[in-house]
Every structure is written in C-alpha cells, then in structure tokens.
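J.: I'd like to ask some things about the structure below.
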Amino acid sequence: INANTSNVAFVTQPTSFFTEWTLGLPQDLSVSAGLGYSTQKISLDDRFRAITATYPGHFEKTYKGMWSPHLAVNKVFNKAVSVYASYSKGYKAPVSSYLFIVTPVVGATPSSGFVNTDLKPEHGDQFEIGSKGSLLKDRLSYQLALFSFKIADKMTAVSVPLNATTTAYSYVVNGSDQKHKGIEATLKYAIVNNENSVVTNVTPFINFTYSDFKYGDNFKIVTGSTVALRDTIDYSGKRVYGVPKIMNAFGVDVATRFGLYANMAHIYKHGVTIGTTRTSASGVNPKVFATYQASHYNLLNGKIGFKRNLSSHFFMDLFFGV
C-alpha cells in the first residue's frame, strides 16, 4: 500500500554452551550440577533509509552474560521412594522482530522506524521440591512437586497512538515480574493387578494441581490503539489471567485378559479471569473498568474398547467414547 518505507535485513546468531555432572554418593544420594551460558547477537541492515551521520544503516546488539545454573539433590529410600530438591535459572533473549520498530504511518515520529536497543532478556528462577515412589508391591504409586518460579523483566507490547483514530506504531518493553507458585500431585492405586485373572487391571487415579500465579508489583500495561482509547491497566498483585487456580481429575482404568477395556475420568477446572476493559465512554473521568471471568467447568469422559493382536504385524483397537 502506497510507497515502500523499509527493507530491513536481520541476522540472528544464538550461541549456547551447557554441561551437567552427577555425583553418586553412598546411601543412594546423588547431586547433579549444571551450568549453561548463552549469547544472542542480532544485526540489522536498513537498505532503504538514506545513511546520515545521525542514522547509520547498520545496527548490532549482543545479549551477553546469560548464565544459567542448575543444582539438584536426590535421595532414594529402599529403592522405592525418592525425594529431591532443585534450583534452576533460565533466560529468554529478545528476538529480531522486537528490535526494529516500524512506523508505517506518515507523520509518526520517528517517520521510518527506530532500533529498540534498551530491551533486556527475561530471566526466571525456579525452586522445586518433591517426591515420587512406588509402594505396596508397586500397587500404589505417587508423584508430588511444590515449585516457586519468578519471571523478571517480563516483555510486553505497547502501542503508540498517532491521533484519535490511528495507531502510529507498537513496540516491546520490559515490564514488571510474575510470581508462580504451585503444587502438582498424582496418586494411583492398582486394586487389581494380575495378568492371569479375567480382569487384569483396575486402577483408580487422581491428579491435582494448585496454581497461585500472580503479577508482580507495579505491573501495568498500556492499552488502546488511539488517543481516545488510551488506558493504563494496573495488574499489580492480581492473579495471572487465563490460569485456573485449581485443576483436578479422577477416574479409573479397567482392563481384561480378553482385550476388553474401559476408562472414565472426571476433570474440573477452576474459573479464570480472561480480560479487563474500560466501560466508561471516551473522555469520561474517572474511568470505569470491568473484569471478565470464565466460569469453572466439569468434563466427564467415558471410553470402552476392545484391542487384540491379530498377528505379528497387525493390531486392532476398536473403541467408543462419550
């Protein structure tokens, strides 16, 4: 549409090194330690813009110092139950599309785009403790994990309006942080586990997840593509949108020696927040915002089937589900 305004070429060069070592100690104790290091270089050539003293045609940005340590300790008891604790750190560097900001609207400032060199990589730190095991002659099995994960310098997009009806351009900035805490657990018990009986397996199970995900302090996002619709929404301390606080599932798996099988599972998901928008008219103060929720729901799955080996090359599985 209209005249061409840019011809931009990117070259992205990621480099990563990683090593991990595990030390086995007496009493079924082991320690694992690893270290990763990564860099990302992005170069940009603007092939249309006239080169001036204040506007070079070549830009470079290298993200360095992204050291990612990992440490874990694992202890096994009687070869049936283990407990562990771990810490890890990771980075997410900006990509090339975040670096160059295109302003396609005539009259916008700057008129042909600029380089967003102030971005910093996101980085996250995670602590986790847990246990897993198999008891009662392998009839009872479980897994349990508790984690705490903090993401800092979270990248988010911001749009800049040119006037009351037009968006000039958008760009990515580093915002606040997010704090994720949660519990994950699963438990299974084989009431029947005998390959020689008519009913070979009857195993009830339950899974549970609790997610306490919240936005950090001073977490604000600017929305609106025009001046009239420009809003700053404060998410500080609120639950992260789209993440259910509680999810669980319970059910049972049944199998027979003749190939007939069935399973049933009931799934529950807690309600989530899906959006916030201004409800007051443009120019009206104070601004009034509404938060929209998706309600919780339950899902019941049932399946019955028949499977057999017809030969060494053919396998049949017929099933019906609701």
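By order in the structure tokens, chains are A, B, ...; within a chain, residues start at 1; ligands start at 1, following the order shown.
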Need to verify the contact set: A:Phe147, 9 Å, only C-alpha atoms, exclusion of same-chain residues closer than 3 positions in sequence. Can you return it as a PyMOL selection string?
T.: chain A and resi 126-130+180-184
J.: From the list A:Asp253, A:Ser68, A:Arg47, A:Asn78, which residue is nearest A:Phe17 when using only C-alpha atoms?
T.: A:Ser68
J.: If you run DSSP on this backbone, which residues of stretch 147-265 of chain A come out as strand (DSSP E or B), and could you give them as a ChimeraX atom specification?
T.: /A:147-152,155-161,167-174,178-189,192-193,199-215,220-223,231-234,239,246-256,260-265
J.: Check the smallest atom-to-atom distance from each of A:Tyr63, A:Phe320, A:Tyr292, A:Phe18 to A:Tyr37 using only C-alpha atoms, then report the winner.
T.: A:Phe18
J.: Sort by chain and increasing residue number a table of all residues of stretch 52-159 of chain A within 10 Å of stretch 192-204 of chain A, each with its closest pair of atoms and their distance in Å to one decimal, counting only C-alpha atoms, and write it as JSON lines.
T.:
```
{"residue": "A:Asp138", "atom": "CA", "partner": "A:Asn193", "partner_atom": "CA", "distance": 9.5}
{"residue": "A:Arg139", "atom": "CA", "partner": "A:Asn193", "partner_atom": "CA", "distance": 7.5}
{"residue": "A:Leu140", "atom": "CA", "partner": "A:Thr203", "partner_atom": "CA", "distance": 9.5}
```
J.: Could you please take those selected residues and save C-alpha atoms as a CSV table (one decimal), in the first residue's frame?
T.:
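Final output, out_31.csv:
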```csv
chain,number,residue,atom,x,y,z
A,138,ASP,CA,4.1,-51.5,43.2
A,139,ARG,CA,0.3,-51.2,43.6
A,140,LEU,CA,0.5,-47.6,45.0
```
J.: Pull the alpha helix (DSSP H) assignments for stretch 79-304 of chain A out of DSSP run on the backbone, and list those residues as a PyMOL selection string.
T.: chain A and resi 96-99
J.: Include all heavy atoms and write out the residues we just selected as a JSON list (two decimals), in the first residue's frame.
T.:
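selection.json written:
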```
[["chain", "number", "residue", "atom", "x", "y", "z"],
["A", 96, "SER", "N", 14.53, -10.85, 16.89],
["A", 96, "SER", "CA", 14.79, -9.76, 15.94],
["A", 96, "SER", "C", 13.56, -8.89, 15.69],
["A", 96, "SER", "O", 13.68, -7.68, 15.48],
["A", 96, "SER", "CB", 15.29, -10.34, 14.61],
["A", 96, "SER", "OG", 14.35, -11.26, 14.08],
["A", 97, "SER", "N", 12.36, -9.49, 15.74],
["A", 97, "SER", "CA", 11.15, -8.70, 15.47],
["A", 97, "SER", "C", 10.89, -7.68, 16.57],
["A", 97, "SER", "O", 10.12, -6.73, 16.37],
["A", 97, "SER", "CB", 9.94, -9.63, 15.33],
["A", 97, "SER", "OG", 9.75, -10.39, 16.50],
["A", 98, "TYR", "N", 11.50, -7.87, 17.76],
["A", 98, "TYR", "CA", 11.35, -6.88, 18.83],
["A", 98, "TYR", "C", 12.32, -5.72, 18.68],
["A", 98, "TYR", "O", 12.17, -4.70, 19.33],
["A", 98, "TYR", "CB", 11.61, -7.53, 20.19],
["A", 98, "TYR", "CG", 10.62, -8.60, 20.60],
["A", 98, "TYR", "CD1", 10.84, -9.37, 21.74],
["A", 98, "TYR", "CD2", 9.47, -8.85, 19.86],
["A", 98, "TYR", "CE1", 9.94, -10.35, 22.13],
["A", 98, "TYR", "CE2", 8.57, -9.83, 20.24],
["A", 98, "TYR", "CZ", 8.81, -10.57, 21.37],
["A", 98, "TYR", "OH", 7.94, -11.54, 21.75],
["A", 99, "LEU", "N", 13.34, -5.90, 17.85],
["A", 99, "LEU", "CA", 14.45, -4.93, 17.82],
["A", 99, "LEU", "C", 14.14, -3.72, 16.97],
["A", 99, "LEU", "O", 14.46, -2.59, 17.34],
["A", 99, "LEU", "CB", 15.72, -5.63, 17.31],
["A", 99, "LEU", "CG", 17.00, -4.81, 17.34],
["A", 99, "LEU", "CD1", 17.40, -4.50, 18.77],
["A", 99, "LEU", "CD2", 18.12, -5.56, 16.64]]
```
J.: Write out as an MDAnalysis selection string each polymer residue whose atoms come within 9 Å of A:Ile42, counting only C-alpha atoms; drop sequence neighbours fewer than 5 positions from it.
T.: chainID A and resid 10:14 59:63 95:96 99
J.: Keeping only C-alpha atoms, write those residues as a PDB file, in the first residue's frame.
T.:
```pdb
ATOM      1  CA  PHE A  10      18.217  -9.299  10.145  1.00  0.00           C
ATOM      2  CA  VAL A  11      20.844 -11.854  11.098  1.00  0.00           C
ATOM      3  CA  THR A  12      20.395 -13.639  14.427  1.00  0.00           C
ATOM      4  CA  GLN A  13      23.277 -15.601  15.945  1.00  0.00           C
ATOM      5  CA  PRO A  14      22.452 -17.570  19.118  1.00  0.00           C
ATOM      6  CA  PHE A  59      22.930  -1.787  13.843  1.00  0.00           C
ATOM      7  CA  GLU A  60      24.127  -4.540  16.174  1.00  0.00           C
ATOM      8  CA  LYS A  61      23.042  -5.734  19.588  1.00  0.00           C
ATOM      9  CA  THR A  62      24.519  -8.616  21.568  1.00  0.00           C
ATOM     10  CA  TYR A  63      22.868 -10.033  24.684  1.00  0.00           C
ATOM     11  CA  VAL A  95      14.102 -11.772  19.099  1.00  0.00           C
ATOM     12  CA  SER A  96      14.789  -9.760  15.939  1.00  0.00           C
ATOM     13  CA  LEU A  99      14.451  -4.934  17.817  1.00  0.00           C
TER      14      LEU A  99
END
```
J.: As an MDAnalysis selection string, please: the residues near A:Thr156 (cut-off 8 Å, only C-alpha atoms, same-chain neighbours under 5 positions excluded).
T.: chainID A and resid 172:175 221
J.: What's the 7 Å shell around A:Ser141, counting only C-alpha atoms, without same-chain residues fewer than 6 positions away, as a list in words?
T.: Gly133, Ser134, Leu135, Leu187, Lys188 and Tyr189 of chain A
J.: Looking at only C-alpha atoms, which of A:Ile151, A:Val222, A:Ala168, A:Ala290 is the one that sits closest to A:His123?
T.: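 Checking each candidate against A:His123, we get A:Ile151 as the closest.
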J.: Choose the residue, out of A:Ser236, A:Thr276, A:Ser32, A:Ser38, that has the smallest atom-to-atom separation from A:Asn218; count only C-alpha atoms.
T.: A:Ser236
J.: Between A:Lys220, A:Lys132, A:Arg230, A:Lys75, which has the minimum distance to A:Ser159 (counting only C-alpha atoms)?
T.: A:Arg230
J.: Neighbours of stretch 239-243 of chain A within 6 Å (only C-alpha atoms; same-chain residues fewer than 2 positions away dropped), as a list of chain:residue names?
T.: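 After dropping sequence-adjacent residues, the list is A:Phe213, A:Lys214, A:Val272, A:Thr273, A:Ile274.
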J.: For a quick check of understanding, using only C-alpha atoms, which of A:Pro244, A:Gly237, A:Gly321, A:Pro161 has the smallest distance to A:Tyr210?
T.: A:Pro244
J.: Residues near A:Gln27, anyone? I mean within 12 Å using only C-alpha atoms, not counting same-chain ones fewer than 2 positions away, as a VMD selection string.
T.: chain A and resid 24 to 25 29 to 30 74 to 79 82
J.: Generate the output file for the selected residues, all heavy atoms, as a PDB file, in the first residue's frame.
T.:
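Dumped everything to part_1.pdb:
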```pdb
ATOM      1  N   GLY A  24      27.402 -39.573  42.284  1.00  0.00           N
ATOM      2  CA  GLY A  24      26.723 -40.586  43.073  1.00  0.00           C
ATOM      3  C   GLY A  24      27.430 -40.806  44.397  1.00  0.00           C
ATOM      4  O   GLY A  24      28.632 -41.068  44.437  1.00  0.00           O
ATOM      5  N   LEU A  25      26.680 -40.689  45.493  1.00  0.00           N
ATOM      6  CA  LEU A  25      27.237 -40.820  46.834  1.00  0.00           C
ATOM      7  C   LEU A  25      26.655 -42.055  47.523  1.00  0.00           C
ATOM      8  O   LEU A  25      25.658 -42.625  47.056  1.00  0.00           O
ATOM      9  CB  LEU A  25      26.924 -39.561  47.650  1.00  0.00           C
ATOM     10  CG  LEU A  25      27.502 -38.245  47.102  1.00  0.00           C
ATOM     11  CD1 LEU A  25      26.935 -37.063  47.865  1.00  0.00           C
ATOM     12  CD2 LEU A  25      29.025 -38.258  47.169  1.00  0.00           C
ATOM     13  N   LEU A  29      22.339 -41.430  47.528  1.00  0.00           N
ATOM     14  CA  LEU A  29      22.264 -39.976  47.454  1.00  0.00           C
ATOM     15  C   LEU A  29      23.039 -39.513  46.230  1.00  0.00           C
ATOM     16  O   LEU A  29      24.151 -39.981  45.975  1.00  0.00           O
ATOM     17  CB  LEU A  29      22.850 -39.340  48.719  1.00  0.00           C
ATOM     18  CG  LEU A  29      22.875 -37.811  48.772  1.00  0.00           C
ATOM     19  CD1 LEU A  29      21.447 -37.252  48.832  1.00  0.00           C
ATOM     20  CD2 LEU A  29      23.689 -37.338  49.980  1.00  0.00           C
ATOM     21  N   SER A  30      22.456 -38.623  45.456  1.00  0.00           N
ATOM     22  CA  SER A  30      23.126 -38.093  44.268  1.00  0.00           C
ATOM     23  C   SER A  30      22.953 -36.581  44.192  1.00  0.00           C
ATOM     24  O   SER A  30      21.944 -36.034  44.642  1.00  0.00           O
ATOM     25  CB  SER A  30      22.598 -38.747  42.991  1.00  0.00           C
ATOM     26  OG  SER A  30      21.222 -38.445  42.805  1.00  0.00           O
ATOM     27  N   ASN A  74      19.111 -35.537  45.057  1.00  0.00           N
ATOM     28  CA  ASN A  74      18.113 -36.603  45.042  1.00  0.00           C
ATOM     29  C   ASN A  74      18.514 -37.694  46.038  1.00  0.00           C
ATOM     30  O   ASN A  74      19.674 -38.121  46.086  1.00  0.00           O
ATOM     31  CB  ASN A  74      17.991 -37.200  43.643  1.00  0.00           C
ATOM     32  CG  ASN A  74      16.830 -38.180  43.537  1.00  0.00           C
ATOM     33  OD1 ASN A  74      15.681 -37.768  43.521  1.00  0.00           O
ATOM     34  ND2 ASN A  74      17.131 -39.460  43.449  1.00  0.00           N
ATOM     35  N   LYS A  75      17.539 -38.138  46.827  1.00  0.00           N
ATOM     36  CA  LYS A  75      17.769 -39.187  47.820  1.00  0.00           C
ATOM     37  C   LYS A  75      16.740 -40.283  47.622  1.00  0.00           C
ATOM     38  O   LYS A  75      15.532 -40.021  47.544  1.00  0.00           O
ATOM     39  CB  LYS A  75      17.663 -38.606  49.240  1.00  0.00           C
ATOM     40  CG  LYS A  75      17.599 -39.638  50.355  1.00  0.00           C
ATOM     41  CD  LYS A  75      18.861 -40.466  50.500  1.00  0.00           C
ATOM     42  CE  LYS A  75      18.750 -41.429  51.678  1.00  0.00           C
ATOM     43  NZ  LYS A  75      19.892 -42.358  51.755  1.00  0.00           N
ATOM     44  N   VAL A  76      17.218 -41.543  47.531  1.00  0.00           N
ATOM     45  CA  VAL A  76      16.341 -42.697  47.342  1.00  0.00           C
ATOM     46  C   VAL A  76      16.295 -43.514  48.631  1.00  0.00           C
ATOM     47  O   VAL A  76      17.334 -43.781  49.241  1.00  0.00           O
ATOM     48  CB  VAL A  76      16.839 -43.579  46.177  1.00  0.00           C
ATOM     49  CG1 VAL A  76      15.929 -44.798  46.011  1.00  0.00           C
ATOM     50  CG2 VAL A  76      16.896 -42.784  44.880  1.00  0.00           C
ATOM     51  N   PHE A  77      15.078 -43.902  49.025  1.00  0.00           N
ATOM     52  CA  PHE A  77      14.880 -44.719  50.212  1.00  0.00           C
ATOM     53  C   PHE A  77      14.374 -46.102  49.795  1.00  0.00           C
ATOM     54  O   PHE A  77      13.304 -46.216  49.182  1.00  0.00           O
ATOM     55  CB  PHE A  77      13.870 -44.070  51.169  1.00  0.00           C
ATOM     56  CG  PHE A  77      14.293 -42.717  51.676  1.00  0.00           C
ATOM     57  CD1 PHE A  77      13.912 -41.566  51.003  1.00  0.00           C
ATOM     58  CD2 PHE A  77      15.069 -42.599  52.816  1.00  0.00           C
ATOM     59  CE1 PHE A  77      14.288 -40.315  51.469  1.00  0.00           C
ATOM     60  CE2 PHE A  77      15.454 -41.364  53.288  1.00  0.00           C
ATOM     61  CZ  PHE A  77      15.067 -40.213  52.608  1.00  0.00           C
ATOM     62  N   ASN A  78      15.140 -47.133  50.112  1.00  0.00           N
ATOM     63  CA  ASN A  78      14.744 -48.522  49.851  1.00  0.00           C
ATOM     64  C   ASN A  78      14.372 -48.776  48.392  1.00  0.00           C
ATOM     65  O   ASN A  78      13.543 -49.643  48.092  1.00  0.00           O
ATOM     66  CB  ASN A  78      13.568 -48.918  50.750  1.00  0.00           C
ATOM     67  CG  ASN A  78      13.907 -48.852  52.220  1.00  0.00           C
ATOM     68  OD1 ASN A  78      15.035 -49.157  52.618  1.00  0.00           O
ATOM     69  ND2 ASN A  78      12.958 -48.429  53.035  1.00  0.00           N
ATOM     70  N   LYS A  79      14.956 -48.020  47.499  1.00  0.00           N
ATOM     71  CA  LYS A  79      14.733 -48.167  46.053  1.00  0.00           C
ATOM     72  C   LYS A  79      13.264 -48.053  45.662  1.00  0.00           C
ATOM     73  O   LYS A  79      12.864 -48.498  44.577  1.00  0.00           O
ATOM     74  CB  LYS A  79      15.301 -49.498  45.563  1.00  0.00           C
ATOM     75  CG  LYS A  79      16.806 -49.614  45.736  1.00  0.00           C
ATOM     76  CD  LYS A  79      17.331 -50.913  45.168  1.00  0.00           C
ATOM     77  CE  LYS A  79      18.855 -50.978  45.324  1.00  0.00           C
ATOM     78  NZ  LYS A  79      19.422 -52.230  44.764  1.00  0.00           N
ATOM     79  N   SER A  82      11.736 -41.712  46.507  1.00  0.00           N
ATOM     80  CA  SER A  82      12.806 -40.724  46.377  1.00  0.00           C
ATOM     81  C   SER A  82      12.263 -39.342  46.687  1.00  0.00           C
ATOM     82  O   SER A  82      11.080 -39.046  46.462  1.00  0.00           O
ATOM     83  CB  SER A  82      13.402 -40.740  44.966  1.00  0.00           C
ATOM     84  OG  SER A  82      12.452 -40.308  44.008  1.00  0.00           O
TER      85      SER A  82
END
```
